[in-house]
Amino acid sequence: MESKFFKVSALTAAMLGAVAMPAMANTENAVGDGYVEAVDSFIHDAAFTGAAVVDTRYRGRGNGAAADDDIKTRLNYSAYNVLLNFNSGYADDWLGVDLGGFFSGDLYNDSIQDADGNYLCNEISMCQSGDWTNGQFDFKVTTAALKFKLGENANAQAGFIQGGVGTIGNNWSFAPGTYRGFKASTTFGNGMTLAYMGADEYTPPWINSWEDVTEPWFKQDFSYIHSVGLTGSAGALSYNLGVGQALDVNYGNGDQDNMSYKVNARYAINDAISIAYDMYGVDDDEMYNGFAAHHGLVLDYAINDNWAFTSQVQYTQLDADSALGEFAPRTMARYGSNNGTWSLWWDALSDWNMPGEVAWYNRITHNTGTGWTFNLGAGYGGGADESKNASFSYKSEWAVNGDVMYKVQSGALKDTLFKLHATTLTRDAYAGKEERNEQDVRFMVIAPFSFF
């Protein structure tokens, strides 16, 4: 897709200009006080951070009808990421640079394979075709942007950036996805922040370029996405609102413009208990026959310093005759296209997104205060209408999941996280539809580090 905004060569030149600008701005001499102060701000306020990650996982699925739904291996791998990020200070208190990227690859891979011997994408190492990978060593740039401080209360960023404004979010594995675009925000005296973001290209973290993607179901084109976001608080009430638009979205059957909407409001009843409402919706004529959305209600209760409880109810508003057959909380429907800012994610294998489905999830968390944390959760979804155009559709589904986590408290490995996660998911499918019962066991090691 041709860029409307940025080219790599132009961005590189601009970055070199950012480094050189303090010297050019000094009217006395190249080593005067103004230059030294600018360099101090640019370098001494900088952060060079990263993380080493190893993700080892087994995920099985039953793809058959109810009579033949044995769990079969889909993912069985151990993969790594090494993430690096440089965030400068501001030269002359207004101009800086953010850079980021990661190395990735498979330590081993015994996942299912396609006809060419490539393994199913695990979203940790690069997916060469969009859905399949050979797990080879690779590197991807995730961030390469200029940033601007525009007075005391406003800032902007332009280049290869991440989302987080209004309805525009990010796909995450351990690394973020990448937009080619810009964003700007300003904060008012009452703490309210107004932001805008626009982009003409996006890649999830497991794809280097859409030009490499070969699966026709995976791709869609768009010319521009943008969104306005408003965040703030008023007493015990905090809010996050957004409206967005995707222009010239083409799933292969012609262009259309999509609208997306976000409403999140949280009210703190007291220091321990809060309630929230969250909605993420998309108006997409081709995939959803109009407007579709997730609606969520949340109760969070901090029982004491060591115990916490959350209860979340979710409803999926979706036409059962829609082409996609399920709701995807992102500005464009297809997998990997980008991501939205929907906040209810239960790490329970299902997206709980069938037409008319009501799902309820409860989780108890125990933090010992000594580095050990334990989660136990259970979810149930039911009441869904049959999806007419999807190969899978469920009358009901339930899942149990849990985590055992340990964070190193001191020494050279301080803040390194060890996390064991497991989920079992059981579904009752409509006649002739795939059940897709699933099991998942995952062990993650995340070791953060910084150079200065």
# chains A, B, ... in the order shown; residues from 1 in each chain; ligands from 1

$ residues_around --residues "Ser450 in chain A" --least-positions-apart "5" --cutoff "9 Å" --atoms "only C-alpha atoms" --output "PyMOL selection string"
chain A and resi 47-51

$ write_last_selection --atoms "C-alpha atoms" --output "PDB file, in the first residue's frame"
ATOM      1  CA  ALA A  47      15.903   5.366  28.855  1.00  0.00           C
ATOM      2  CA  PHE A  48      17.293   2.268  27.127  1.00  0.00           C
ATOM      3  CA  THR A  49      15.231  -0.696  28.283  1.00  0.00           C
ATOM      4  CA  GLY A  50      14.225  -4.142  27.153  1.00  0.00           C
ATOM      5  CA  ALA A  51      13.160  -7.636  28.095  1.00  0.00           C
TER       6      ALA A  51
END

$ residues_around --residues "Ser343 in chain A" --least-positions-apart "3" --cutoff "12 Å" --atoms "only C-alpha atoms" --output "VMD selection string"
chain A and resid 164 167 169 to 170 240 262 to 265 276 to 280 294 to 298 312 314 329 to 330 339 to 340 346 to 347

$ write_last_selection --atoms "C-alpha atoms" --output "CSV table (one decimal), in the first residue's frame"
chain,number,residue,atom,x,y,z
A,164,GLY,CA,-4.0,3.7,22.4
A,167,THR,CA,-11.0,3.2,19.5
A,169,GLY,CA,-5.6,-0.2,20.1
A,170,ASN,CA,-2.8,-2.7,19.5
A,240,ASN,CA,-12.5,6.9,28.5
A,262,LYS,CA,-15.8,3.2,22.8
A,263,VAL,CA,-17.4,4.0,26.1
A,264,ASN,CA,-15.7,3.2,29.4
A,265,ALA,CA,-16.8,4.6,32.8
A,276,ALA,CA,-17.5,-0.1,35.5
A,277,TYR,CA,-19.3,-0.2,32.2
A,278,ASP,CA,-17.4,-0.9,29.0
A,279,MET,CA,-18.7,-0.9,25.4
A,280,TYR,CA,-16.8,-1.3,22.2
A,294,HIS,CA,-19.4,-6.0,23.2
A,295,HIS,CA,-21.0,-4.6,26.4
A,296,GLY,CA,-19.5,-5.3,29.8
A,297,LEU,CA,-20.2,-4.7,33.4
A,298,VAL,CA,-17.4,-5.1,36.0
A,312,GLN,CA,-17.4,-9.4,34.9
A,314,GLN,CA,-20.3,-9.5,28.9
A,329,PRO,CA,-13.5,-5.8,18.9
A,330,ARG,CA,-11.3,-3.9,16.5
A,339,ASN,CA,-7.0,-4.1,17.5
A,340,GLY,CA,-9.5,-2.1,19.4
A,346,TRP,CA,-10.1,-13.3,30.5
A,347,ASP,CA,-7.2,-15.4,29.0

$ closest_residue --among "A:Tyr315, A:Trp217, A:Phe443, A:Phe139" --to "Phe327 in chain A" --atoms "only C-alpha atoms"
A:Tyr315

$ atom_distance --atom1 "CA of Val54 in chain A" --atom2 "CA of Gly377 in chain A"
24.4 Å

$ residues_around --residues "Arg363 in chain A" --least-positions-apart "3" --cutoff "8 Å" --atoms "only C-alpha atoms" --output "list in words"
Phe309, Thr310, Ser311, Asn375, Leu376, Gly377 and Ala378 of chain A

$ residues_around --residues "Ser260 in chain A" --least-positions-apart "2" --cutoff "6 Å" --atoms "only C-alpha atoms" --output "list in words"
Val243, Gly244, Gly281, Val282 and Thr331 of chain A

$ atom_distance --atom1 "CA of Thr186 in chain A" --atom2 "CA of Ala156 in chain A"
8.9 Å

$ closest_residue --among "A:Gln317, A:Phe449, A:Leu146, A:Asp212" --to "Asp415 in chain A" --atoms "only C-alpha atoms"
A:Phe449

$ select_by_dssp --residues "range 245-423 of chain A" --states "strand (DSSP E)" --output "ChimeraX atom specification"
/A:245-250,255-268,273-284,290-302,307-317,358-367,372-382,394-407,417-423

$ residues_around --residues "Asn208 in chain A" --least-positions-apart "2" --cutoff "10 Å" --atoms "only C-alpha atoms" --output "mmCIF file with all heavy atoms, in the first residue's frame"
data_model
loop_
_atom_site.group_PDB
_atom_site.id
_atom_site.type_symbol
_atom_site.label_atom_id
_atom_site.label_comp_id
_atom_site.auth_asym_id
_atom_site.auth_seq_id
_atom_site.Cartn_x
_atom_site.Cartn_y
_atom_site.Cartn_z
ATOM 1 N N MET A 126 8.014 -14.657 13.872
ATOM 2 C CA MET A 126 7.401 -14.088 12.681
ATOM 3 C C MET A 126 6.605 -15.128 11.890
ATOM 4 O O MET A 126 7.005 -16.289 11.801
ATOM 5 C CB MET A 126 8.474 -13.499 11.767
ATOM 6 C CG MET A 126 9.155 -12.254 12.300
ATOM 7 S SD MET A 126 8.075 -10.802 12.392
ATOM 8 C CE MET A 126 7.865 -10.692 14.159
ATOM 9 N N CYS A 127 5.476 -14.703 11.325
ATOM 10 C CA CYS A 127 4.647 -15.562 10.474
ATOM 11 C C CYS A 127 4.895 -15.149 9.024
ATOM 12 O O CYS A 127 4.409 -14.105 8.589
ATOM 13 C CB CYS A 127 3.179 -15.404 10.822
ATOM 14 S SG CYS A 127 2.811 -15.719 12.560
ATOM 15 N N GLN A 128 5.623 -15.959 8.301
ATOM 16 C CA GLN A 128 6.063 -15.556 6.970
ATOM 17 C C GLN A 128 4.914 -15.377 5.981
ATOM 18 O O GLN A 128 4.976 -14.546 5.094
ATOM 19 C CB GLN A 128 7.077 -16.575 6.421
ATOM 20 C CG GLN A 128 8.472 -16.411 6.982
ATOM 21 C CD GLN A 128 8.596 -16.962 8.391
ATOM 22 O OE1 GLN A 128 7.819 -17.813 8.813
ATOM 23 N NE2 GLN A 128 9.579 -16.479 9.127
ATOM 24 N N SER A 129 3.853 -16.171 6.121
ATOM 25 C CA SER A 129 2.758 -16.077 5.160
ATOM 26 C C SER A 129 1.527 -15.399 5.745
ATOM 27 O O SER A 129 0.538 -15.204 5.043
ATOM 28 C CB SER A 129 2.365 -17.474 4.672
ATOM 29 O OG SER A 129 1.745 -18.200 5.724
ATOM 30 N N GLY A 130 1.580 -15.038 6.996
ATOM 31 C CA GLY A 130 0.424 -14.484 7.677
ATOM 32 C C GLY A 130 -0.154 -15.452 8.680
ATOM 33 O O GLY A 130 -0.570 -15.064 9.766
ATOM 34 N N ASP A 138 14.675 -13.685 13.391
ATOM 35 C CA ASP A 138 14.200 -12.516 12.662
ATOM 36 C C ASP A 138 14.277 -11.295 13.568
ATOM 37 O O ASP A 138 14.418 -11.402 14.776
ATOM 38 C CB ASP A 138 12.759 -12.729 12.195
ATOM 39 C CG ASP A 138 12.475 -12.028 10.866
ATOM 40 O OD1 ASP A 138 13.083 -10.968 10.619
ATOM 41 O OD2 ASP A 138 11.655 -12.537 10.090
ATOM 42 N N PHE A 139 14.179 -10.118 12.957
ATOM 43 C CA PHE A 139 14.135 -8.858 13.694
ATOM 44 C C PHE A 139 13.088 -7.960 13.064
ATOM 45 O O PHE A 139 12.966 -7.887 11.834
ATOM 46 C CB PHE A 139 15.492 -8.141 13.669
ATOM 47 C CG PHE A 139 15.459 -6.807 14.376
ATOM 48 C CD1 PHE A 139 15.501 -6.740 15.757
ATOM 49 C CD2 PHE A 139 15.369 -5.625 13.650
ATOM 50 C CE1 PHE A 139 15.460 -5.516 16.417
ATOM 51 C CE2 PHE A 139 15.328 -4.392 14.301
ATOM 52 C CZ PHE A 139 15.378 -4.344 15.688
ATOM 53 N N LYS A 140 12.319 -7.279 13.912
ATOM 54 C CA LYS A 140 11.321 -6.339 13.424
ATOM 55 C C LYS A 140 11.416 -5.029 14.189
ATOM 56 O O LYS A 140 11.543 -5.017 15.415
ATOM 57 C CB LYS A 140 9.907 -6.899 13.574
ATOM 58 C CG LYS A 140 8.833 -5.926 13.072
ATOM 59 C CD LYS A 140 7.439 -6.450 13.212
ATOM 60 C CE LYS A 140 6.437 -5.412 12.702
ATOM 61 N NZ LYS A 140 5.051 -5.882 12.811
ATOM 62 N N VAL A 141 11.346 -3.927 13.455
ATOM 63 C CA VAL A 141 11.234 -2.601 14.072
ATOM 64 C C VAL A 141 9.776 -2.381 14.446
ATOM 65 O O VAL A 141 8.876 -2.529 13.610
ATOM 66 C CB VAL A 141 11.708 -1.501 13.106
ATOM 67 C CG1 VAL A 141 11.438 -0.120 13.693
ATOM 68 C CG2 VAL A 141 13.191 -1.666 12.792
ATOM 69 N N THR A 142 9.526 -2.053 15.692
ATOM 70 C CA THR A 142 8.153 -1.780 16.146
ATOM 71 C C THR A 142 7.886 -0.291 16.318
ATOM 72 O O THR A 142 6.752 0.152 16.161
ATOM 73 C CB THR A 142 7.870 -2.483 17.478
ATOM 74 O OG1 THR A 142 8.839 -2.060 18.450
ATOM 75 C CG2 THR A 142 7.933 -3.986 17.316
ATOM 76 N N GLY A 177 2.154 -4.259 18.107
ATOM 77 C CA GLY A 177 1.993 -3.990 16.695
ATOM 78 C C GLY A 177 2.425 -2.575 16.356
ATOM 79 O O GLY A 177 2.731 -1.769 17.246
ATOM 80 N N THR A 178 2.423 -2.248 15.061
ATOM 81 C CA THR A 178 3.002 -0.980 14.614
ATOM 82 C C THR A 178 2.080 -0.280 13.620
ATOM 83 O O THR A 178 1.718 -0.851 12.592
ATOM 84 C CB THR A 178 4.369 -1.215 13.957
ATOM 85 O OG1 THR A 178 5.230 -1.861 14.890
ATOM 86 C CG2 THR A 178 4.997 0.093 13.515
ATOM 87 N N THR A 203 0.729 -3.206 11.071
ATOM 88 C CA THR A 203 1.086 -4.626 11.055
ATOM 89 C C THR A 203 1.081 -5.148 12.485
ATOM 90 O O THR A 203 1.577 -4.473 13.396
ATOM 91 C CB THR A 203 2.487 -4.874 10.454
ATOM 92 O OG1 THR A 203 3.459 -4.107 11.173
ATOM 93 C CG2 THR A 203 2.524 -4.506 8.989
ATOM 94 N N PRO A 204 0.514 -6.336 12.716
ATOM 95 C CA PRO A 204 0.633 -6.952 14.029
ATOM 96 C C PRO A 204 2.083 -7.348 14.284
ATOM 97 O O PRO A 204 2.891 -7.393 13.343
ATOM 98 C CB PRO A 204 -0.278 -8.176 13.931
ATOM 99 C CG PRO A 204 -0.311 -8.509 12.481
ATOM 100 C CD PRO A 204 -0.191 -7.203 11.754
ATOM 101 N N PRO A 205 2.462 -7.658 15.525
ATOM 102 C CA PRO A 205 3.875 -7.913 15.812
ATOM 103 C C PRO A 205 4.438 -9.145 15.129
ATOM 104 O O PRO A 205 5.655 -9.248 14.983
ATOM 105 C CB PRO A 205 3.903 -8.055 17.342
ATOM 106 C CG PRO A 205 2.501 -8.333 17.736
ATOM 107 C CD PRO A 205 1.644 -7.640 16.738
ATOM 108 N N TRP A 206 3.592 -10.073 14.701
ATOM 109 C CA TRP A 206 4.092 -11.303 14.098
ATOM 110 C C TRP A 206 4.178 -11.239 12.569
ATOM 111 O O TRP A 206 4.445 -12.243 11.928
ATOM 112 C CB TRP A 206 3.225 -12.490 14.533
ATOM 113 C CG TRP A 206 1.758 -12.316 14.266
ATOM 114 C CD1 TRP A 206 1.082 -12.629 13.133
ATOM 115 C CD2 TRP A 206 0.788 -11.784 15.179
ATOM 116 N NE1 TRP A 206 -0.252 -12.333 13.264
ATOM 117 C CE2 TRP A 206 -0.463 -11.816 14.515
ATOM 118 C CE3 TRP A 206 0.841 -11.299 16.482
ATOM 119 C CZ2 TRP A 206 -1.633 -11.365 15.131
ATOM 120 C CZ3 TRP A 206 -0.328 -10.855 17.084
ATOM 121 C CH2 TRP A 206 -1.539 -10.895 16.417
ATOM 122 N N TRP A 210 2.573 -6.662 5.066
ATOM 123 C CA TRP A 210 1.389 -7.272 4.463
ATOM 124 C C TRP A 210 1.692 -7.837 3.083
ATOM 125 O O TRP A 210 0.964 -8.710 2.598
ATOM 126 C CB TRP A 210 0.262 -6.251 4.366
ATOM 127 C CG TRP A 210 -0.391 -5.964 5.679
ATOM 128 C CD1 TRP A 210 -0.327 -4.805 6.391
ATOM 129 C CD2 TRP A 210 -1.201 -6.855 6.455
ATOM 130 N NE1 TRP A 210 -1.034 -4.917 7.559
ATOM 131 C CE2 TRP A 210 -1.588 -6.168 7.620
ATOM 132 C CE3 TRP A 210 -1.625 -8.169 6.292
ATOM 133 C CZ2 TRP A 210 -2.383 -6.736 8.607
ATOM 134 C CZ3 TRP A 210 -2.415 -8.745 7.275
ATOM 135 C CH2 TRP A 210 -2.802 -8.035 8.410
ATOM 136 N N GLU A 211 2.739 -7.369 2.455
ATOM 137 C CA GLU A 211 3.095 -7.887 1.136
ATOM 138 C C GLU A 211 3.516 -9.351 1.201
ATOM 139 O O GLU A 211 3.473 -10.051 0.189
ATOM 140 C CB GLU A 211 4.223 -7.045 0.536
ATOM 141 C CG GLU A 211 3.813 -5.605 0.245
ATOM 142 C CD GLU A 211 4.959 -4.779 -0.294
ATOM 143 O OE1 GLU A 211 6.071 -5.334 -0.410
ATOM 144 O OE2 GLU A 211 4.744 -3.589 -0.604
ATOM 145 N N ASP A 212 3.919 -9.817 2.397
ATOM 146 C CA ASP A 212 4.318 -11.215 2.548
ATOM 147 C C ASP A 212 3.128 -12.148 2.760
ATOM 148 O O ASP A 212 3.264 -13.368 2.660
ATOM 149 C CB ASP A 212 5.266 -11.356 3.740
ATOM 150 C CG ASP A 212 6.524 -10.532 3.564
ATOM 151 O OD1 ASP A 212 6.930 -10.334 2.407
ATOM 152 O OD2 ASP A 212 7.082 -10.084 4.576
ATOM 153 N N VAL A 213 1.962 -11.593 3.099
ATOM 154 C CA VAL A 213 0.807 -12.408 3.449
ATOM 155 C C VAL A 213 0.183 -13.017 2.197
ATOM 156 O O VAL A 213 -0.070 -12.322 1.212
ATOM 157 C CB VAL A 213 -0.235 -11.559 4.212
ATOM 158 C CG1 VAL A 213 -1.495 -12.361 4.475
ATOM 159 C CG2 VAL A 213 0.364 -11.057 5.521
#

$ closest_atom_pairs --of "range 49-119 of chain A" --to "range 418-424 of chain A" --cutoff "10 Å" --atoms "only C-alpha atoms" --output "JSON lines"
{"residue": "A:Val54", "atom": "CA", "partner": "A:Phe418", "partner_atom": "CA", "distance": 9.9}
{"residue": "A:Asp55", "atom": "CA", "partner": "A:Lys419", "partner_atom": "CA", "distance": 9.6}
{"residue": "A:Thr56", "atom": "CA", "partner": "A:Leu420", "partner_atom": "CA", "distance": 9.7}
{"residue": "A:Arg57", "atom": "CA", "partner": "A:His421", "partner_atom": "CA", "distance": 9.4}
{"residue": "A:Tyr58", "atom": "CA", "partner": "A:Ala422", "partner_atom": "CA", "distance": 9.6}
{"residue": "A:Arg59", "atom": "CA", "partner": "A:Thr423", "partner_atom": "CA", "distance": 9.4}
{"residue": "A:Gly60", "atom": "CA", "partner": "A:Thr424", "partner_atom": "CA", "distance": 9.8}

$ residues_around --residues "range 228-238 of chain A" --least-positions-apart "2" --cutoff "6 Å" --atoms "only C-alpha atoms" --output "list of chain:residue names"
A:Val165, A:Gly166, A:Gly191, A:Met192, A:Thr193, A:Leu194, A:Ala195, A:Tyr196, A:Asn240, A:Leu241, A:Gly242, A:Val243, A:Ala265, A:Arg266, A:Tyr267, A:Ala268

$ write_last_selection --atoms "N, CA, C and O atoms" --output "mmCIF file, in the first residue's frame"
data_model
loop_
_atom_site.group_PDB
_atom_site.id
_atom_site.type_symbol
_atom_site.label_atom_id
_atom_site.label_comp_id
_atom_site.auth_asym_id
_atom_site.auth_seq_id
_atom_site.Cartn_x
_atom_site.Cartn_y
_atom_site.Cartn_z
ATOM 1 N N VAL A 165 -5.362 5.406 21.351
ATOM 2 C CA VAL A 165 -6.162 6.615 21.299
ATOM 3 C C VAL A 165 -7.572 6.258 20.851
ATOM 4 O O VAL A 165 -7.765 5.646 19.802
ATOM 5 N N GLY A 166 -8.558 6.604 21.643
ATOM 6 C CA GLY A 166 -9.952 6.383 21.261
ATOM 7 C C GLY A 166 -10.261 4.923 21.036
ATOM 8 O O GLY A 166 -10.161 4.104 21.938
ATOM 9 N N GLY A 191 -7.655 18.192 34.159
ATOM 10 C CA GLY A 191 -7.141 16.832 34.032
ATOM 11 C C GLY A 191 -7.681 16.072 32.841
ATOM 12 O O GLY A 191 -7.227 14.955 32.555
ATOM 13 N N MET A 192 -8.631 16.631 32.121
ATOM 14 C CA MET A 192 -9.184 15.982 30.933
ATOM 15 C C MET A 192 -8.159 16.004 29.805
ATOM 16 O O MET A 192 -7.516 17.015 29.562
ATOM 17 N N THR A 193 -7.998 14.860 29.111
ATOM 18 C CA THR A 193 -7.064 14.755 27.994
ATOM 19 C C THR A 193 -7.821 14.449 26.711
ATOM 20 O O THR A 193 -8.609 13.501 26.652
ATOM 21 N N LEU A 194 -7.568 15.251 25.694
ATOM 22 C CA LEU A 194 -8.154 15.066 24.370
ATOM 23 C C LEU A 194 -7.037 14.649 23.422
ATOM 24 O O LEU A 194 -5.983 15.291 23.377
ATOM 25 N N ALA A 195 -7.254 13.561 22.666
ATOM 26 C CA ALA A 195 -6.200 13.037 21.794
ATOM 27 C C ALA A 195 -6.774 12.674 20.432
ATOM 28 O O ALA A 195 -7.959 12.351 20.297
ATOM 29 N N TYR A 196 -5.897 12.707 19.419
ATOM 30 C CA TYR A 196 -6.258 12.305 18.064
ATOM 31 C C TYR A 196 -5.139 11.442 17.507
ATOM 32 O O TYR A 196 -3.953 11.702 17.743
ATOM 33 N N ASN A 240 -13.311 7.035 29.732
ATOM 34 C CA ASN A 240 -12.472 6.890 28.545
ATOM 35 C C ASN A 240 -13.423 6.715 27.364
ATOM 36 O O ASN A 240 -14.066 5.670 27.239
ATOM 37 N N LEU A 241 -13.512 7.728 26.520
ATOM 38 C CA LEU A 241 -14.473 7.743 25.424
ATOM 39 C C LEU A 241 -13.734 7.840 24.095
ATOM 40 O O LEU A 241 -12.665 8.447 24.011
ATOM 41 N N GLY A 242 -14.303 7.239 23.057
ATOM 42 C CA GLY A 242 -13.650 7.307 21.758
ATOM 43 C C GLY A 242 -14.619 7.113 20.617
ATOM 44 O O GLY A 242 -15.626 6.405 20.745
ATOM 45 N N VAL A 243 -14.310 7.737 19.505
ATOM 46 C CA VAL A 243 -15.014 7.486 18.255
ATOM 47 C C VAL A 243 -13.966 7.442 17.153
ATOM 48 O O VAL A 243 -13.016 8.231 17.155
ATOM 49 N N ALA A 265 -16.621 3.750 31.591
ATOM 50 C CA ALA A 265 -16.824 4.605 32.756
ATOM 51 C C ALA A 265 -16.673 3.747 34.007
ATOM 52 O O ALA A 265 -17.242 2.651 34.091
ATOM 53 N N ARG A 266 -15.894 4.228 34.952
ATOM 54 C CA ARG A 266 -15.663 3.509 36.204
ATOM 55 C C ARG A 266 -15.987 4.431 37.384
ATOM 56 O O ARG A 266 -15.566 5.597 37.402
ATOM 57 N N TYR A 267 -16.693 3.871 38.354
ATOM 58 C CA TYR A 267 -17.059 4.638 39.552
ATOM 59 C C TYR A 267 -16.529 3.929 40.785
ATOM 60 O O TYR A 267 -16.795 2.728 40.987
ATOM 61 N N ALA A 268 -15.741 4.639 41.573
ATOM 62 C CA ALA A 268 -15.176 4.083 42.805
ATOM 63 C C ALA A 268 -16.165 4.295 43.946
ATOM 64 O O ALA A 268 -16.377 5.433 44.400
#

$ residues_around --residues "Gly325 in chain A" --least-positions-apart "3" --cutoff "7 Å" --atoms "only C-alpha atoms" --output "list of chain:residue names"
A:Ala320, A:Ser322, A:Ser387, A:Lys388, A:Asn389, A:Ala390

$ atom_distance --atom1 "CA of Trp360 in chain A" --atom2 "CA of Asp285 in chain A"
28.6 Å

$ closest_residue --among "A:Lys395, A:Arg427, A:Lys72, A:Lys414" --to "Met354 in chain A" --atoms "only C-alpha atoms"
A:Lys395

$ closest_residue --among "A:Ile43, A:Leu75, A:Ile124, A:Ala115" --to "Asp93 in chain A" --atoms "only C-alpha atoms"
A:Ile43

$ closest_residue --among "A:Glu201, A:Asp131, A:Arg334, A:Lys149" --to "Ile161 in chain A" --atoms "only C-alpha atoms"
A:Glu201
